[in-house]
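Peer 1: Next up is a structure, given as structure tokens.
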Amino acid sequence: MVLCTLLRVHSIRWHFFYDMDNPAVIEDFDDESEDSLEEEKEEEEHEFKVELYNEFPSVYLDVVLVYDASQNKEVQITAFDKMMPNERAIYHAYDGDRLLIFYADTDKVVSEIEIKHEQSLCTVYPLGFFGGATRTVG
């Protein structure tokens with residue numbers, strides 16, 4: 001529990017002053033910061049960045065995470081909505097994540113990407129009249 005004092009200054013601004021001399025407050029901050037730093041460090045060790053590139057000349061794409069490897073379960077999370085033609089986006093990935101690429105605002109799948117740790121770039125490009133493909137670079 002964090003205790004604070006609220007002071008009114010110049011009738012418009014409010015300033016918060018935390019009671020950091022209170023041992024209960026210090027313990028709360030210490031516990032949270034140590035735990036969260038350890039968790040963040042652990043996640044960062046496994047997380048990596050993959051650049052996604054929409055090479056379709058005039059087509060918007062939706063990118064949906066369908067398998068979250070960090071949680072080890074199937075999900076349905078929109079990673080990027082209406083990715084513009086020739087747009088590049090950075091996806092924070094875990095080895096084994098699966099993404100489905102759709103034509104924007106439809107349920108038509110253009111491509112499926114299974115993320116591997118050695119990947120650094122995934123390009124979604126047109127293949128034939130209705131299809132799409134994915135090219136990956138390590």
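Chains: A, B, ... in order of the structure tokens. Residues: from 1 per chain. Ligands: from 1, in order shown.
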Considering only C-alpha atoms, return as a list in words whatever protein or nucleic-acid residues lie within 8 Å of region 96-106 of chain A, sequence-local ones (same chain, fewer than 6 positions apart) excluded.

Peer 2: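 Everything that qualifies: Val59, Tyr60, Leu61, Asp62, Val63, Val64, Leu65, Val66, Tyr67, Asp68, Ala69, Ser70, Asp81, Lys82, Met83, Glu112, Ile113, Glu114, Ile115 and Lys116 of chain A.
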
Peer 1: Those residues with N, CA, C and O atoms, as an mmCIF file, in the first residue's frame please?

Peer 2:
data_model
loop_
_atom_site.group_PDB
_atom_site.id
_atom_site.type_symbol
_atom_site.label_atom_id
_atom_site.label_comp_id
_atom_site.auth_asym_id
_atom_site.auth_seq_id
_atom_site.Cartn_x
_atom_site.Cartn_y
_atom_site.Cartn_z
ATOM 1 N N VAL A 59 -2.213 -3.502 -50.965
ATOM 2 C CA VAL A 59 -3.078 -4.311 -50.105
ATOM 3 C C VAL A 59 -2.707 -4.090 -48.639
ATOM 4 O O VAL A 59 -1.538 -4.137 -48.274
ATOM 5 N N TYR A 60 -3.723 -3.836 -47.829
ATOM 6 C CA TYR A 60 -3.535 -3.718 -46.385
ATOM 7 C C TYR A 60 -3.665 -5.109 -45.774
ATOM 8 O O TYR A 60 -4.489 -5.914 -46.218
ATOM 9 N N LEU A 61 -2.866 -5.389 -44.752
ATOM 10 C CA LEU A 61 -2.859 -6.703 -44.123
ATOM 11 C C LEU A 61 -3.090 -6.593 -42.625
ATOM 12 O O LEU A 61 -2.676 -5.619 -42.000
ATOM 13 N N ASP A 62 -3.751 -7.602 -42.065
ATOM 14 C CA ASP A 62 -3.885 -7.743 -40.620
ATOM 15 C C ASP A 62 -2.983 -8.890 -40.178
ATOM 16 O O ASP A 62 -2.948 -9.940 -40.823
ATOM 17 N N VAL A 63 -2.246 -8.683 -39.097
ATOM 18 C CA VAL A 63 -1.344 -9.700 -38.564
ATOM 19 C C VAL A 63 -1.901 -10.137 -37.210
ATOM 20 O O VAL A 63 -2.077 -9.312 -36.312
ATOM 21 N N VAL A 64 -2.181 -11.430 -37.083
ATOM 22 C CA VAL A 64 -2.813 -11.957 -35.876
ATOM 23 C C VAL A 64 -1.939 -13.057 -35.279
ATOM 24 O O VAL A 64 -1.545 -13.995 -35.971
ATOM 25 N N LEU A 65 -1.642 -12.924 -33.993
ATOM 26 C CA LEU A 65 -0.923 -13.970 -33.260
ATOM 27 C C LEU A 65 -1.928 -15.059 -32.921
ATOM 28 O O LEU A 65 -2.945 -14.801 -32.267
ATOM 29 N N VAL A 66 -1.662 -16.288 -33.388
ATOM 30 C CA VAL A 66 -2.585 -17.396 -33.128
ATOM 31 C C VAL A 66 -2.010 -18.430 -32.170
ATOM 32 O O VAL A 66 -2.743 -19.251 -31.630
ATOM 33 N N TYR A 67 -0.678 -18.399 -31.982
ATOM 34 C CA TYR A 67 -0.070 -19.262 -30.968
ATOM 35 C C TYR A 67 1.010 -18.464 -30.258
ATOM 36 O O TYR A 67 1.959 -17.980 -30.873
ATOM 37 N N ASP A 68 0.829 -18.287 -28.964
ATOM 38 C CA ASP A 68 1.765 -17.519 -28.144
ATOM 39 C C ASP A 68 2.715 -18.500 -27.464
ATOM 40 O O ASP A 68 2.335 -19.196 -26.526
ATOM 41 N N ALA A 69 3.940 -18.557 -27.957
ATOM 42 C CA ALA A 69 4.923 -19.507 -27.434
ATOM 43 C C ALA A 69 5.326 -19.183 -26.000
ATOM 44 O O ALA A 69 5.658 -20.085 -25.233
ATOM 45 N N SER A 70 5.300 -17.910 -25.609
ATOM 46 C CA SER A 70 5.680 -17.550 -24.240
ATOM 47 C C SER A 70 4.653 -18.064 -23.234
ATOM 48 O O SER A 70 4.992 -18.391 -22.105
ATOM 49 N N ASP A 81 -2.841 -4.106 -37.100
ATOM 50 C CA ASP A 81 -4.115 -3.912 -37.770
ATOM 51 C C ASP A 81 -3.904 -3.026 -38.989
ATOM 52 O O ASP A 81 -3.323 -1.942 -38.876
ATOM 53 N N LYS A 82 -4.354 -3.476 -40.137
ATOM 54 C CA LYS A 82 -4.261 -2.708 -41.387
ATOM 55 C C LYS A 82 -2.838 -2.236 -41.669
ATOM 56 O O LYS A 82 -2.573 -1.044 -41.814
ATOM 57 N N MET A 83 -1.938 -3.187 -41.749
ATOM 58 C CA MET A 83 -0.551 -2.887 -42.102
ATOM 59 C C MET A 83 -0.517 -2.396 -43.538
ATOM 60 O O MET A 83 -0.958 -3.087 -44.461
ATOM 61 N N GLU A 112 0.945 -17.861 -43.367
ATOM 62 C CA GLU A 112 1.144 -18.243 -41.979
ATOM 63 C C GLU A 112 2.642 -18.218 -41.711
ATOM 64 O O GLU A 112 3.435 -18.681 -42.532
ATOM 65 N N ILE A 113 3.010 -17.651 -40.593
ATOM 66 C CA ILE A 113 4.425 -17.547 -40.247
ATOM 67 C C ILE A 113 4.653 -18.229 -38.909
ATOM 68 O O ILE A 113 3.965 -17.927 -37.936
ATOM 69 N N GLU A 114 5.600 -19.159 -38.872
ATOM 70 C CA GLU A 114 6.044 -19.717 -37.602
ATOM 71 C C GLU A 114 7.407 -19.105 -37.314
ATOM 72 O O GLU A 114 8.346 -19.259 -38.086
ATOM 73 N N ILE A 115 7.497 -18.378 -36.227
ATOM 74 C CA ILE A 115 8.695 -17.624 -35.892
ATOM 75 C C ILE A 115 9.779 -18.554 -35.352
ATOM 76 O O ILE A 115 9.521 -19.370 -34.479
ATOM 77 N N LYS A 116 10.974 -18.397 -35.882
ATOM 78 C CA LYS A 116 12.158 -19.107 -35.398
ATOM 79 C C LYS A 116 13.142 -18.080 -34.872
ATOM 80 O O LYS A 116 13.219 -16.965 -35.389
#

Peer 1: Which polymer residues have any atom within 8 Å of an atom of region 45-57 of chain A, counting only C-alpha atoms, with same-chain residues fewer than 6 positions away left out, as a count of residues only?

Peer 2: 22
